$ cat data26.txt   # compact mmCIF, C-alpha atoms and all ligand atoms
# COMPACT_ATOMS: atom_id res chain seq x y z
CA MET B 235 -42.14 16.66 -29.54
CA ASP B 236 -42.57 13.48 -31.56
CA LEU B 237 -39.91 11.75 -33.59
CA GLN B 238 -41.24 13.07 -36.90
CA ASN B 239 -40.90 16.70 -35.80
CA LYS B 240 -37.40 16.13 -34.46
CA THR B 241 -36.39 14.58 -37.76
CA ALA B 242 -37.87 17.54 -39.64
CA ILE B 243 -35.82 19.99 -37.55
CA VAL B 244 -32.64 17.99 -37.91
CA THR B 245 -32.90 17.68 -41.67
CA GLY B 246 -34.31 21.15 -42.30
CA GLY B 247 -32.45 23.39 -39.81
CA PRO B 248 -28.79 23.89 -38.94
CA GLY B 249 -28.90 20.26 -37.84
CA ALA B 250 -28.60 19.30 -41.49
CA MET B 251 -24.93 20.30 -41.19
CA MET B 252 -24.28 17.79 -38.43
CA PRO B 253 -22.20 14.73 -39.19
CA PHE B 254 -24.40 11.74 -39.89
CA GLY B 255 -23.32 9.84 -36.73
CA SER B 256 -24.32 12.55 -34.25
CA MET B 257 -27.59 13.16 -36.09
CA VAL B 258 -28.54 9.53 -35.72
CA SER B 259 -27.66 9.32 -32.03
CA TRP B 260 -29.52 12.56 -31.26
CA VAL B 261 -32.67 11.34 -32.90
CA ALA B 262 -32.35 7.80 -31.55
CA LEU B 263 -31.68 8.65 -27.87
CA PRO B 264 -34.89 9.13 -25.91
CA ARG B 265 -34.89 12.16 -23.61
CA GLY B 266 -34.71 10.01 -20.47
CA ALA B 267 -31.48 8.43 -21.66
CA VAL B 268 -29.93 11.84 -22.32
CA LEU B 269 -30.79 13.00 -18.78
CA ALA B 270 -29.42 9.81 -17.28
CA GLN B 271 -26.20 10.40 -19.19
CA ASP B 272 -26.00 13.98 -17.79
CA ARG B 273 -26.49 12.70 -14.26
CA ALA B 274 -23.80 10.07 -14.72
CA GLN B 275 -21.41 12.80 -15.93
CA ASP B 276 -22.29 14.97 -12.91
CA ARG B 277 -21.65 12.06 -10.58
CA ALA B 278 -18.26 11.39 -12.18
CA LYS B 279 -17.31 15.07 -11.89
CA ILE B 280 -18.38 15.19 -8.25
CA ALA B 281 -16.41 12.01 -7.47
CA SER B 282 -13.16 13.34 -8.95
CA GLY B 283 -13.84 16.73 -7.35
CA LYS B 284 -13.95 15.06 -3.97
CA VAL B 285 -10.55 13.45 -4.53
CA LEU B 286 -9.07 16.81 -5.62
CA TYR B 287 -10.67 18.56 -2.66
CA GLN B 288 -9.02 16.07 -0.32
CA GLN B 289 -5.71 16.65 -2.04
CA TRP B 290 -5.73 20.48 -2.09
CA CYS B 291 -8.26 21.86 0.35
CA VAL B 292 -9.03 19.56 3.25
CA SER B 293 -5.86 20.43 5.19
CA CYS B 294 -7.38 23.89 5.79
CA HIS B 295 -11.10 23.19 5.30
CA GLY B 296 -11.57 19.83 7.01
CA ALA B 297 -14.10 19.55 9.84
CA GLY B 298 -13.02 20.17 13.40
CA PRO B 299 -10.18 22.06 15.08
CA GLY B 300 -6.73 22.43 13.54
CA HIS B 301 -8.08 23.62 10.17
CA PRO B 302 -7.39 27.34 9.61
CA GLY B 303 -10.02 27.69 6.85
CA THR B 304 -12.74 26.04 8.93
CA GLN B 305 -11.72 28.13 11.95
CA ALA B 306 -11.80 31.40 9.96
CA LEU B 307 -15.21 30.60 8.48
CA ASP B 308 -16.53 29.53 11.88
CA PHE B 309 -15.43 32.92 13.23
CA ARG B 310 -16.90 34.76 10.24
CA TYR B 311 -20.31 33.05 10.07
CA LYS B 312 -20.71 32.27 13.78
CA GLY B 313 -22.92 29.25 13.12
CA ALA B 314 -25.13 30.96 10.50
CA LEU B 315 -23.42 28.73 7.88
CA PRO B 316 -21.52 25.45 8.41
CA ALA B 317 -17.81 26.12 9.02
CA ALA B 318 -16.66 23.15 6.93
CA LEU B 319 -16.99 23.87 3.19
CA GLU B 320 -18.14 20.31 2.45
CA ASP B 321 -21.23 20.86 4.62
CA ARG B 322 -22.28 24.05 2.82
CA THR B 323 -25.30 23.99 0.51
CA ASN B 324 -24.96 27.53 -0.86
CA LEU B 325 -21.67 27.28 -2.77
CA THR B 326 -21.61 27.64 -6.56
CA PRO B 327 -18.83 26.53 -8.94
CA ASP B 328 -18.33 30.19 -9.99
CA PHE B 329 -17.81 31.42 -6.44
CA VAL B 330 -15.40 28.56 -5.65
CA LYS B 331 -13.48 29.39 -8.83
CA VAL B 332 -13.10 33.09 -7.96
CA VAL B 333 -11.88 32.32 -4.43
CA VAL B 334 -9.45 29.60 -5.55
CA ARG B 335 -7.96 31.66 -8.40
CA ASN B 336 -7.62 34.87 -6.34
CA GLY B 337 -7.17 33.63 -2.79
CA ILE B 338 -8.93 35.32 0.10
CA SER B 339 -7.34 36.71 3.27
CA VAL B 340 -4.77 34.08 4.38
CA MET B 341 -5.96 31.51 1.82
CA PRO B 342 -3.42 31.38 -1.02
CA PHE B 343 -4.53 31.44 -4.67
CA PHE B 344 -3.89 28.40 -6.84
CA ARG B 345 -2.34 28.57 -10.31
CA LYS B 346 -3.61 26.66 -13.34
CA THR B 347 -0.36 24.67 -13.24
CA GLU B 348 -1.42 23.42 -9.79
CA ILE B 349 -5.18 23.02 -10.31
CA SER B 350 -6.31 23.11 -13.95
CA ASP B 351 -9.57 24.76 -15.02
CA SER B 352 -11.27 21.40 -15.50
CA GLU B 353 -10.04 20.17 -12.12
CA LEU B 354 -11.33 23.37 -10.52
CA ALA B 355 -14.70 22.81 -12.20
CA GLU B 356 -14.74 19.33 -10.62
CA ILE B 357 -13.97 20.77 -7.17
CA GLY B 358 -16.76 23.32 -7.78
CA ALA B 359 -19.17 20.54 -8.75
CA TYR B 360 -18.27 18.63 -5.59
CA LEU B 361 -18.81 21.64 -3.31
CA SER B 362 -22.11 22.55 -4.98
CA ARG B 363 -23.32 18.95 -5.32
CA SER B 364 -26.39 19.64 -3.15
CA SER B 365 -27.85 21.84 -5.90
CA LEU B 366 -27.20 19.25 -8.64
CA LYS B 367 -29.18 16.44 -7.03
C1 LIG B 401 -3.73 27.37 3.60
C2 LIG B 401 -5.10 27.11 3.98
C3 LIG B 401 -6.14 27.01 2.89
C4 LIG B 401 -6.17 26.16 1.81
C5 LIG B 401 -5.12 25.16 1.38
C6 LIG B 401 -7.44 26.41 1.15
N1 LIG B 401 -8.14 27.37 1.80
FE1 LIG B 401 -9.97 28.09 1.31
N2 LIG B 401 -9.90 29.40 2.84
C7 LIG B 401 -8.91 29.45 3.79
C8 LIG B 401 -9.25 30.47 4.77
C9 LIG B 401 -8.43 30.84 6.00
C10 LIG B 401 -10.48 31.03 4.35
C11 LIG B 401 -11.27 32.15 5.02
C12 LIG B 401 -10.68 33.46 4.61
C13 LIG B 401 -11.41 34.59 5.26
O1 LIG B 401 -11.19 34.81 6.44
O2 LIG B 401 -12.21 35.22 4.57
C14 LIG B 401 -10.86 30.32 3.15
C15 LIG B 401 -12.02 30.59 2.43
C16 LIG B 401 -12.47 29.86 1.36
C17 LIG B 401 -13.72 30.07 0.66
C18 LIG B 401 -14.72 31.19 0.96
C19 LIG B 401 -15.87 30.71 1.77
C20 LIG B 401 -16.78 31.84 2.10
O3 LIG B 401 -17.90 31.56 2.55
O4 LIG B 401 -16.41 33.02 1.94
C21 LIG B 401 -13.80 29.13 -0.30
C22 LIG B 401 -14.93 28.93 -1.30
C23 LIG B 401 -12.61 28.33 -0.22
N3 LIG B 401 -11.82 28.79 0.79
C24 LIG B 401 -12.35 27.25 -1.05
C25 LIG B 401 -11.15 26.53 -1.02
C26 LIG B 401 -10.88 25.45 -1.92
C27 LIG B 401 -11.83 24.91 -2.97
C28 LIG B 401 -9.61 25.04 -1.64
C29 LIG B 401 -8.81 23.96 -2.33
C30 LIG B 401 -8.60 24.15 -3.73
C31 LIG B 401 -9.12 25.85 -0.55
N4 LIG B 401 -10.08 26.73 -0.20
C32 LIG B 401 -7.86 25.72 0.02
C33 LIG B 401 -7.76 28.69 3.84
C34 LIG B 401 -7.39 27.75 2.89
$ encode --input "data26.txt" --output "C-alpha cells" --more "lines below"
Ligand code: HEC
Amino acid sequence: MDLQNKTAIVTGGPGAMMPFGSMVSWVALPRGAVLAQDRAQDRAKIASGKVLYQQWCVSCHGAGPGHPGTQALDFRYKGALPAALEDRTNLTPDFVKVVVRNGISVMPFFRKTEISDSELAEIGAYLSRSSLK
C-alpha cells in the first residue's frame, strides 16, 4: 500500500478519530521500522521472562538431577520431549499460564500477588521464545 492510500484510510476511516500525534507516527513509520520495534519488544519481554524464570521456576525445572519438575517431566516424556522446560520448543504462553495459575500434580499454583499477569506473560514469552524468532 502506498503512502497516499494509507493517508486516505487514516483521514477517511475510523483513523480520523485518532489523536494527531499517533496519526502522524503511524503514517511516517515505514513497515520495516514497525516490525523492528515489535522484535525489540519481544526481546525485552524474553529477557525479563528469563530473570523471572530463574527466580520462580528454575529450582524445580533446572537441568540435571535434584530438580523435581525436570525429574517428573523426564519420567513422563521418557526422552520424547526435553525434561528441562527451557529446552522445550513446543510451549505456548497460554499453556504456561494455565499450568502456573492452576498448578499441576506436585507443582504449586502461583497467585497474581506472587507473579503478576504481565510477569507471567514474560515467563511465557521466554519459554516459547523458539516460536517468536
Ligand atoms: C515446587 C516445584 C516446582 C516449581 C517451583 C515450579 N514447577 Fe512447574 N512443574 C513441577 C512439576 C513436578 C511438574 C510436573 C507435574 C506432573 O507430573 O505432571 C511441573 C510441570 C510444569 C509444566 C507442564 C509441562 C508439561 O509438559 O506438562 C509447566 C509448563 C511448568 N511446570 C511451568 C512452570 C513455571 C513457568 C514455573 C515458574 C513460574 C514452575 N513451573 C515452577 C514443579 C514445579
$ atom_distance --input "data26.txt" --atom1 "atom CA of Cys291 of chain B" --atom2 "atom CA of Thr326 of chain B"
16.1 Å
$ closest_atom_pairs --input "data26.txt" --of "chain B" --to "ligand LIG 401 (chain B)" --cutoff "8 Å" --atoms "all atoms listed in the file" --output "tab-separated table"
residue	atom	partner	partner_atom	distance
B:Leu286	CA	B:LIG401	C30	7.6
B:Tyr287	CA	B:LIG401	C29	5.7
B:Gln289	CA	B:LIG401	C29	7.9
B:Trp290	CA	B:LIG401	C29	4.7
B:Cys291	CA	B:LIG401	C29	3.4
B:Val292	CA	B:LIG401	C32	7.1
B:Ser293	CA	B:LIG401	C5	6.1
B:Cys294	CA	B:LIG401	C2	4.3
B:His295	CA	B:LIG401	N1	6.2
B:His301	CA	B:LIG401	C2	7.7
B:Pro302	CA	B:LIG401	C9	5.1
B:Gly303	CA	B:LIG401	C8	3.6
B:Thr304	CA	B:LIG401	C8	7.0
B:Gln305	CA	B:LIG401	C9	7.3
B:Ala306	CA	B:LIG401	O1	4.9
B:Leu307	CA	B:LIG401	C11	5.5
B:Arg310	CA	B:LIG401	O1	6.9
B:Leu319	CA	B:LIG401	C22	7.1
B:Leu325	CA	B:LIG401	C22	7.1
B:Phe329	CA	B:LIG401	C22	6.4
B:Val330	CA	B:LIG401	C22	4.4
B:Lys331	CA	B:LIG401	C27	7.6
B:Val333	CA	B:LIG401	C22	5.5
B:Val334	CA	B:LIG401	C26	5.7
B:Gly337	CA	B:LIG401	FE1	7.4
B:Ile338	CA	B:LIG401	C12	5.2
B:Ser339	CA	B:LIG401	C12	4.8
B:Val340	CA	B:LIG401	C9	5.1
B:Met341	CA	B:LIG401	C33	3.9
B:Pro342	CA	B:LIG401	C1	6.1
B:Phe344	CA	B:LIG401	C30	7.1
B:Ile349	CA	B:LIG401	C30	7.5
B:Leu354	CA	B:LIG401	C30	7.4
B:Ile357	CA	B:LIG401	C27	6.3
B:Gly358	CA	B:LIG401	C27	7.1
B:Leu361	CA	B:LIG401	C27	7.7
$ write_last_selection --input "data26.txt" --atoms "C-alpha atoms" --output "PDB file, in the coordinates of the input"
ATOM      1  CA  LEU B 286      -9.070  16.810  -5.620  1.00  0.00           C
ATOM      2  CA  TYR B 287     -10.670  18.560  -2.660  1.00  0.00           C
ATOM      3  CA  GLN B 289      -5.710  16.650  -2.040  1.00  0.00           C
ATOM      4  CA  TRP B 290      -5.730  20.480  -2.090  1.00  0.00           C
ATOM      5  CA  CYS B 291      -8.260  21.860   0.350  1.00  0.00           C
ATOM      6  CA  VAL B 292      -9.030  19.560   3.250  1.00  0.00           C
ATOM      7  CA  SER B 293      -5.860  20.430   5.190  1.00  0.00           C
ATOM      8  CA  CYS B 294      -7.380  23.890   5.790  1.00  0.00           C
ATOM      9  CA  HIS B 295     -11.100  23.190   5.300  1.00  0.00           C
ATOM     10  CA  HIS B 301      -8.080  23.620  10.170  1.00  0.00           C
ATOM     11  CA  PRO B 302      -7.390  27.340   9.610  1.00  0.00           C
ATOM     12  CA  GLY B 303     -10.020  27.690   6.850  1.00  0.00           C
ATOM     13  CA  THR B 304     -12.740  26.040   8.930  1.00  0.00           C
ATOM     14  CA  GLN B 305     -11.720  28.130  11.950  1.00  0.00           C
ATOM     15  CA  ALA B 306     -11.800  31.400   9.960  1.00  0.00           C
ATOM     16  CA  LEU B 307     -15.210  30.600   8.480  1.00  0.00           C
ATOM     17  CA  ARG B 310     -16.900  34.760  10.240  1.00  0.00           C
ATOM     18  CA  LEU B 319     -16.990  23.870   3.190  1.00  0.00           C
ATOM     19  CA  LEU B 325     -21.670  27.280  -2.770  1.00  0.00           C
ATOM     20  CA  PHE B 329     -17.810  31.420  -6.440  1.00  0.00           C
ATOM     21  CA  VAL B 330     -15.400  28.560  -5.650  1.00  0.00           C
ATOM     22  CA  LYS B 331     -13.480  29.390  -8.830  1.00  0.00           C
ATOM     23  CA  VAL B 333     -11.880  32.320  -4.430  1.00  0.00           C
ATOM     24  CA  VAL B 334      -9.450  29.600  -5.550  1.00  0.00           C
ATOM     25  CA  GLY B 337      -7.170  33.630  -2.790  1.00  0.00           C
ATOM     26  CA  ILE B 338      -8.930  35.320   0.100  1.00  0.00           C
ATOM     27  CA  SER B 339      -7.340  36.710   3.270  1.00  0.00           C
ATOM     28  CA  VAL B 340      -4.770  34.080   4.380  1.00  0.00           C
ATOM     29  CA  MET B 341      -5.960  31.510   1.820  1.00  0.00           C
ATOM     30  CA  PRO B 342      -3.420  31.380  -1.020  1.00  0.00           C
ATOM     31  CA  PHE B 344      -3.890  28.400  -6.840  1.00  0.00           C
ATOM     32  CA  ILE B 349      -5.180  23.020 -10.310  1.00  0.00           C
ATOM     33  CA  LEU B 354     -11.330  23.370 -10.520  1.00  0.00           C
ATOM     34  CA  ILE B 357     -13.970  20.770  -7.170  1.00  0.00           C
ATOM     35  CA  GLY B 358     -16.760  23.320  -7.780  1.00  0.00           C
ATOM     36  CA  LEU B 361     -18.810  21.640  -3.310  1.00  0.00           C
TER      37      LEU B 361
END
$ residues_near_point --input "data26.txt" --point "(-15.1, 15.5, -8.7)" --cutoff "9 Å" --atoms "only C-alpha atoms" --output "number ranges by chain"
B: 276-287, 353-361
$ atom_distance --input "data26.txt" --atom1 "atom CA of Asp272 of chain B" --atom2 "atom CA of Arg345 of chain B"
28.8 Å
$ atom_distance --input "data26.txt" --atom1 "atom CA of Gly298 of chain B" --atom2 "atom CA of Arg335 of chain B"
25.2 Å
$ axis_aligned_box --input "data26.txt" --around "segment 293-301 of chain B" --padding-each-side "6 Å" --output "AutoDock Vina command-line options"
--center_x -10.0 --center_y 21.7 --center_z 10.1 --size_x 20.2 --size_y 16.3 --size_z 21.9
$ build_atoms --input "data26.txt" --residues "segment 324-349 of chain B" --atoms "N, CA and C atoms" --output "short mmCIF file (atom, residue, chain, number, x, y, z; two decimals), keeping the file's coordinate frame"
data_model
loop_
_atom_site.label_atom_id
_atom_site.label_comp_id
_atom_site.auth_asym_id
_atom_site.auth_seq_id
_atom_site.Cartn_x
_atom_site.Cartn_y
_atom_site.Cartn_z
N ASN B 324 -24.75 26.30 -0.10
CA ASN B 324 -24.96 27.53 -0.86
C ASN B 324 -23.76 27.89 -1.73
N LEU B 325 -22.84 26.96 -1.94
CA LEU B 325 -21.67 27.28 -2.77
C LEU B 325 -21.97 27.00 -4.25
N THR B 326 -21.46 27.86 -5.12
CA THR B 326 -21.61 27.64 -6.56
C THR B 326 -20.21 27.43 -7.16
N PRO B 327 -20.13 26.72 -8.29
CA PRO B 327 -18.83 26.53 -8.94
C PRO B 327 -18.16 27.87 -9.26
N ASP B 328 -18.92 28.88 -9.65
CA ASP B 328 -18.33 30.19 -9.99
C ASP B 328 -17.67 30.85 -8.78
N PHE B 329 -18.36 30.81 -7.65
CA PHE B 329 -17.81 31.42 -6.44
C PHE B 329 -16.53 30.69 -6.01
N VAL B 330 -16.57 29.35 -6.02
CA VAL B 330 -15.40 28.56 -5.65
C VAL B 330 -14.23 28.92 -6.57
N LYS B 331 -14.53 29.07 -7.85
CA LYS B 331 -13.48 29.39 -8.83
C LYS B 331 -12.83 30.74 -8.52
N VAL B 332 -13.64 31.75 -8.25
CA VAL B 332 -13.10 33.09 -7.96
C VAL B 332 -12.21 33.05 -6.73
N VAL B 333 -12.67 32.37 -5.67
CA VAL B 333 -11.88 32.32 -4.43
C VAL B 333 -10.57 31.57 -4.67
N VAL B 334 -10.64 30.42 -5.37
CA VAL B 334 -9.45 29.60 -5.55
C VAL B 334 -8.43 30.29 -6.47
N ARG B 335 -8.90 31.00 -7.49
CA ARG B 335 -7.96 31.66 -8.40
C ARG B 335 -7.37 32.96 -7.82
N ASN B 336 -8.11 33.59 -6.89
CA ASN B 336 -7.62 34.87 -6.34
C ASN B 336 -7.10 34.75 -4.92
N GLY B 337 -7.48 33.71 -4.20
CA GLY B 337 -7.17 33.63 -2.79
C GLY B 337 -8.08 34.58 -2.02
N ILE B 338 -8.10 34.43 -0.71
CA ILE B 338 -8.93 35.32 0.10
C ILE B 338 -8.29 35.35 1.49
N SER B 339 -8.00 36.55 1.97
CA SER B 339 -7.34 36.71 3.27
C SER B 339 -6.09 35.81 3.32
N VAL B 340 -5.99 34.90 4.29
CA VAL B 340 -4.77 34.08 4.38
C VAL B 340 -4.81 32.85 3.46
N MET B 341 -5.93 32.64 2.77
CA MET B 341 -5.96 31.51 1.82
C MET B 341 -5.19 31.90 0.56
N PRO B 342 -4.19 31.07 0.18
CA PRO B 342 -3.42 31.38 -1.02
C PRO B 342 -4.24 31.14 -2.28
N PHE B 343 -3.88 31.79 -3.39
CA PHE B 343 -4.53 31.44 -4.67
C PHE B 343 -3.81 30.26 -5.28
N PHE B 344 -4.48 29.57 -6.18
CA PHE B 344 -3.89 28.40 -6.84
C PHE B 344 -3.78 28.67 -8.34
N ARG B 345 -2.59 28.36 -8.87
CA ARG B 345 -2.34 28.57 -10.31
C ARG B 345 -2.92 27.41 -11.13
N LYS B 346 -3.10 27.70 -12.44
CA LYS B 346 -3.61 26.66 -13.34
C LYS B 346 -2.64 25.50 -13.48
N THR B 347 -1.35 25.76 -13.18
CA THR B 347 -0.36 24.67 -13.24
C THR B 347 -0.51 23.75 -12.02
N GLU B 348 -1.18 24.26 -10.97
CA GLU B 348 -1.42 23.42 -9.79
C GLU B 348 -2.79 22.72 -9.94
N ILE B 349 -3.82 23.54 -10.14
CA ILE B 349 -5.18 23.02 -10.31
C ILE B 349 -5.67 23.56 -11.66
#
